Amino acid sequence: MVQFIDVFKSYENGTKALRGVSFKIQDGEFAFLVGPSGSGKTTIIKLLTGEIAPTDGKVLVNDYDLSNIRFSKMPYMRRTLGVVFQDYRLIEDKTVYENVAFAMRVIGASAKEIRRRVPYVLELVGLDTRSRRHPQELSGGEQQRVAIARALVNNPRLIIADEPTGNLDPARSLEIMMLLQKINELGTTVLVVTHEKELVESFSKRVIAIDGGKIISDGMGGYYNYER
Amino acid sequence: MKGNRFFYYIREGINSIFNHGFMSFASVCIIVACLIIMGSFTLLALNVDAIIDTMESQNEILALVNDSFSEDQARAIGPLIEAIPNVSRAVYVSRDEAWEDFLDTYDNSSRFEGLDSDIIPDRYEVFLDDISLMAQTQKDIAEVAGVTDVMAPLSIMRGFVRIRNIVTIISIILVAMLFLISLFIMSNTIKLTTFERRDEIAIMKMVGATSLFIRWPFVVQGLILGLIGSLVSFLLEWGVYQVVVERIISNSGFAFMTFLPFSEVALPLLAAFAAVGLGVGTIGSLLAIRNYLKV
Ligand SMILES: Nc1ncnc2c1ncn2[C@@H]1O[C@H](COP(=O)(O)OP(=O)(O)O)[C@@H](O)[C@H]1O
Ligand SMILES: [Mg+2]
């Protein structure tokens with residue numbers, strides 16, 4: 001569950017990135033967050049991951065109140081969400097398998113749990129035959145699947161993806177979106193940031209549109225009109 | 001701590017050391033240099049202290065009693081001298097005993113035939129608690145009625161006390177400075193690793209690793225470097241000490257000096273080196289990683 005209540009965010013240089021944003025995403029939902037470049041999408045993602053704190057208002061993620069969270073609680077909040085970025089952020093000198101296993105190991109999972117869980121997620125994203133490869137041996141679409149497997153491996157309640165298809169061609173982009181949809185159907189809440197209009201329109205999902213740091217529309221149907 | 005995690009920290013720490021072999025080597029060398037300088041000054045200070053202790057336990061002050069006093073009168077002065085602050089003991093030595101001692105030191109040479117104990121006065125051998133206060137105590141003893149003269153090896157004393165004070169001050173300044181230098185080098189060595197692994201650290205934070213978990217491999221890296229540094233320094237210091245002491249002893253001009261055997265200072269020295277090495281390692285690594293853990 002994600003809830004923003006009248007959230008404001010000003011950066012240190014005075015940029016007002018968010019000016020009173022409110023929305024709520026229920027458990028199990030799939031939502032797109034769309035808007036032009038500089039509208040505040042990444043700011044919303046960073047607030048969700050606890051990388052930055054709101055200047056005003058409340059940010060709630062999976063029962064944690066991020067506007068008022070103890071520093072020591074932050075890691076446990078982050079274990080309830082998986083994050084995917086445009087640039088994949090894989091570790092180059094680790095194999096596909098190790099990249100995914102790493103995310104489990106660093107939160108203290110046992111070797112046995114890792115051996116059971118990693119092959120399962122790799123199969124889910126369709127990379128079971130690529131597990132011994134290194135990231136640079138894979139296509140962009142495959143690398144993003146590794147990132148999704150890594151986001152998924154600790155069984156988070158929420159997956160958030162910031163422009164996950166920004167570096168991919170339309171066919172690969174569609175595959176990634178279908179994978180995220182499949183993950184959502186398996187019970188995980190999904191929030192996808194994108195500005196690719198066609199992609200959004202080919203799914204009939206909830207679309208939250210933001211411009212100039214404010215929500216300008218929020219509704220079902222895969223249609224948004226920020227380009228007015 | 002779960003076993004697999006413990007080995008994870010150790011393995012990551014050791015890998016980092018080998019991945020930055022040159023900087024690791026450099027930081028161990030700096031620690032060694034710093035510890036040896038620290039250690040040498042500390043050993044010097046300890047030895048000067050020991051020499052001063054020996055001198056304190058020897059009868060360095062002689063209080064001579066008025067010639068015309070009878071033995072009873074002379075003995076009556078003893079308690080007065082012992083009442084003076086900083087005097088631990090005053091031992092009465094009659095002129096006869098003193099004369100015999102004197103003759104003994106000159107192997108009863110026939111040079112002194114025809115002379116007898118009448119030419120020297122009765123005396124007290126006075127032992128002090130703290131010889132750095134010798135000048136004042138000498139004055140106090142001289143004021144006791146019946147004491148005609150007080151002979152104290154003030155200049156030698158002053159020399160040693162001054163050396164001790166200078167050595168102590170230099171040691172403290174050096175130790176502080178060298179500690180900071182070691183810390184700087186150590187934290188920069190580990191910063192190289194944290195910089196190289198900044199992506200990994202970012203991923204660890206993103207997936208919810210605790211700060212403690214992220215820190216541990218770097219702390220292990222620092223601890224290992226610090227420990228190696230302190231062990232190497234200890235062995236080198238040992239060798240240096242043996243050589244230097246041997247040189248000094250074999251030089252007859254310094255024959256009056258006694259030195260602490262290394263075995264007596266080995267354990268405290270090792271403990272101090274290990275404490276400094278591990279301290280530099282831990283603090284250095286925490287300094288190196290702190291910027292990455294803020295968010
Ligand atoms: N760290 C920052 N410091 C200052 N301004 C920032 C920072 N990050 C983003 N901004 C500004 O905040 C606004 C929103 O940025 P962002 O949330 O990244 O937009 P989007 O992801 O929709 O392109 C932009 O004007 C951007 O320049
Ligand atoms: Mg963005």
# chains A, B, ... in the order shown; residues from 1 in each chain; ligands from 1
>>> select_by_dssp(residues="region 36-156 of chain A", states="strand (DSSP E)", output="PyMOL selection string")
chain A and resi 56-61+64-65+81-85
>>> closest_atom_pairs(of="chain B", to="chain A", cutoff="9 Å", atoms="only C-alpha atoms", output="CSV")
residue,atom,partner,partner_atom,distance
B:Lys2,CA,A:Gly108,CA,8.4
B:Asn4,CA,A:Ser110,CA,7.5
B:Arg5,CA,A:Gly108,CA,7.1
B:Asp199,CA,A:Ile91,CA,7.4
B:Glu200,CA,A:Ile91,CA,6.7
B:Ile203,CA,A:Ala103,CA,7.8
B:Met204,CA,A:Val106,CA,6.4
B:Lys205,CA,A:Pro75,CA,7.0
B:Met206,CA,A:Arg78,CA,6.6
B:Val207,CA,A:Arg79,CA,5.8
B:Gly208,CA,A:Pro75,CA,4.0
B:Ala209,CA,A:Ile107,CA,4.9
B:Thr210,CA,A:Pro75,CA,5.5
B:Ser211,CA,A:Pro75,CA,8.2
B:Phe213,CA,A:Val106,CA,7.2
B:Ile214,CA,A:Val106,CA,8.0
B:Val295,CA,A:Glu51,CA,5.9
>>> atom_distance(atom1="CA of Ser88 (chain B)", atom2="CA of Val126 (chain B)")
7.7 Å
>>> residues_near_ligand(ligand="ligand 1", cutoff="7 Å", atoms="only C-alpha atoms and all ligand atoms", output="PyMOL selection string")
chain A and resi 11-13+15-17+35-44
>>> write_last_selection(atoms="N, CA and C atoms", output="mmCIF file, in the first residue's frame")
data_model
loop_
_atom_site.group_PDB
_atom_site.id
_atom_site.type_symbol
_atom_site.label_atom_id
_atom_site.label_comp_id
_atom_site.auth_asym_id
_atom_site.auth_seq_id
_atom_site.Cartn_x
_atom_site.Cartn_y
_atom_site.Cartn_z
ATOM 1 N N TYR A 11 13.804 20.927 -3.036
ATOM 2 C CA TYR A 11 15.212 20.537 -2.913
ATOM 3 C C TYR A 11 16.006 21.682 -2.297
ATOM 4 N N GLU A 12 17.222 21.377 -1.912
ATOM 5 C CA GLU A 12 18.030 22.366 -1.203
ATOM 6 C C GLU A 12 18.256 23.631 -2.024
ATOM 7 N N ASN A 13 18.292 23.486 -3.357
ATOM 8 C CA ASN A 13 18.512 24.672 -4.186
ATOM 9 C C ASN A 13 17.226 25.470 -4.389
ATOM 10 N N THR A 15 14.299 24.317 -5.677
ATOM 11 C CA THR A 15 13.356 23.756 -6.656
ATOM 12 C C THR A 15 12.172 23.108 -5.943
ATOM 13 N N LYS A 16 10.976 23.541 -6.329
ATOM 14 C CA LYS A 16 9.778 22.926 -5.726
ATOM 15 C C LYS A 16 9.349 21.782 -6.630
ATOM 16 N N ALA A 17 9.787 20.551 -6.322
ATOM 17 C CA ALA A 17 9.527 19.412 -7.198
ATOM 18 C C ALA A 17 8.105 18.889 -7.029
ATOM 19 N N GLY A 35 4.059 11.536 -16.782
ATOM 20 C CA GLY A 35 4.228 12.982 -16.759
ATOM 21 C C GLY A 35 5.473 13.349 -17.528
ATOM 22 N N PRO A 36 5.545 14.607 -17.987
ATOM 23 C CA PRO A 36 6.713 15.018 -18.766
ATOM 24 C C PRO A 36 7.973 15.052 -17.910
ATOM 25 N N SER A 37 9.086 15.162 -18.601
ATOM 26 C CA SER A 37 10.369 15.218 -17.911
ATOM 27 C C SER A 37 10.400 16.409 -16.944
ATOM 28 N N GLY A 38 10.886 16.170 -15.744
ATOM 29 C CA GLY A 38 10.979 17.252 -14.759
ATOM 30 C C GLY A 38 9.697 17.499 -13.990
ATOM 31 N N SER A 39 8.681 16.637 -14.185
ATOM 32 C CA SER A 39 7.397 16.896 -13.529
ATOM 33 C C SER A 39 7.375 16.419 -12.073
ATOM 34 N N GLY A 40 8.354 15.604 -11.702
ATOM 35 C CA GLY A 40 8.405 15.175 -10.299
ATOM 36 C C GLY A 40 8.230 13.682 -10.090
ATOM 37 N N LYS A 41 8.299 12.877 -11.158
ATOM 38 C CA LYS A 41 8.077 11.436 -11.030
ATOM 39 C C LYS A 41 9.172 10.763 -10.195
ATOM 40 N N THR A 42 10.413 11.042 -10.562
ATOM 41 C CA THR A 42 11.514 10.416 -9.822
ATOM 42 C C THR A 42 11.523 10.877 -8.365
ATOM 43 N N THR A 43 11.132 12.121 -8.148
ATOM 44 C CA THR A 43 11.038 12.614 -6.770
ATOM 45 C C THR A 43 10.064 11.747 -5.970
ATOM 46 N N ILE A 44 8.944 11.399 -6.589
ATOM 47 C CA ILE A 44 7.975 10.543 -5.902
ATOM 48 C C ILE A 44 8.593 9.177 -5.577
#
>>> atom_distance(atom1="CA of Ser230 (chain B)", atom2="CA of Leu286 (chain B)")
19.1 Å
>>> select_by_dssp(residues="chain A", states="helix (DSSP H, G or I)", output="ChimeraX atom specification")
/A:41-49,66-68,71-78,96-105,111-124,128-130,135-137,140-152,170-185,197-201
>>> residues_around(residues="Leu62 (chain B)", least_positions_apart="6", cutoff="8 Å", atoms="only C-alpha atoms", output="ChimeraX atom specification")
/B:123-126,150-152
>>> write_last_selection(atoms="all heavy atoms", output="compact mmCIF listing (two decimals), in the first residue's frame")
# COMPACT_ATOMS: atom_id res chain seq x y z
N ARG B 123 76.52 10.98 60.00
CA ARG B 123 75.68 11.39 58.86
C ARG B 123 74.39 10.59 58.77
O ARG B 123 74.24 9.55 59.41
CB ARG B 123 76.44 11.19 57.56
CG ARG B 123 76.68 9.70 57.31
CD ARG B 123 77.92 9.40 56.51
NE ARG B 123 79.06 10.20 56.86
CZ ARG B 123 79.94 10.62 55.95
NH1 ARG B 123 79.80 10.31 54.69
NH2 ARG B 123 80.97 11.34 56.32
N TYR B 124 73.49 11.10 57.96
CA TYR B 124 72.26 10.36 57.65
C TYR B 124 72.21 10.10 56.16
O TYR B 124 72.51 11.00 55.37
CB TYR B 124 71.02 11.16 58.06
CG TYR B 124 70.70 11.02 59.53
CD1 TYR B 124 71.22 11.93 60.45
CD2 TYR B 124 69.89 9.98 59.97
CE1 TYR B 124 70.95 11.80 61.80
CE2 TYR B 124 69.62 9.85 61.31
CZ TYR B 124 70.15 10.75 62.22
OH TYR B 124 69.88 10.60 63.55
N GLU B 125 71.86 8.89 55.80
CA GLU B 125 71.54 8.63 54.40
C GLU B 125 70.04 8.82 54.27
O GLU B 125 69.27 8.13 54.94
CB GLU B 125 71.92 7.20 54.02
CG GLU B 125 73.42 7.00 53.94
CD GLU B 125 73.80 5.55 53.71
OE1 GLU B 125 72.89 4.68 53.75
OE2 GLU B 125 74.99 5.29 53.48
N VAL B 126 69.66 9.75 53.43
CA VAL B 126 68.22 10.10 53.35
C VAL B 126 67.63 9.60 52.03
O VAL B 126 68.20 9.83 50.96
CB VAL B 126 68.04 11.63 53.46
CG1 VAL B 126 66.56 11.96 53.43
CG2 VAL B 126 68.68 12.14 54.74
N VAL B 150 74.18 19.39 53.51
CA VAL B 150 73.40 18.35 52.83
C VAL B 150 73.98 18.18 51.44
O VAL B 150 74.08 19.14 50.69
CB VAL B 150 71.91 18.72 52.73
CG1 VAL B 150 71.13 17.59 52.07
CG2 VAL B 150 71.34 19.03 54.11
N MET B 151 74.40 16.97 51.13
CA MET B 151 75.00 16.72 49.82
C MET B 151 74.00 15.94 48.96
O MET B 151 73.62 14.82 49.31
CB MET B 151 76.30 15.95 49.97
CG MET B 151 77.25 16.69 50.91
SD MET B 151 78.94 16.11 50.83
CE MET B 151 78.77 14.45 51.35
N ALA B 152 73.57 16.59 47.90
CA ALA B 152 72.59 15.94 47.03
C ALA B 152 73.08 16.02 45.59
O ALA B 152 73.59 17.04 45.17
CB ALA B 152 71.24 16.64 47.16
>>> residues_around(residues="region 166-173 of chain A", least_positions_apart="2", cutoff="12 Å", atoms="only C-alpha atoms", output="PyMOL selection string")
chain A and resi 84-88+139-145+161-164+175-180+192-200+202
>>> closest_residue(among="A:Leu18, A:Ile148, A:Leu138, A:Ile45", to="ligand 2", atoms="only C-alpha atoms and all ligand atoms")
A:Ile45
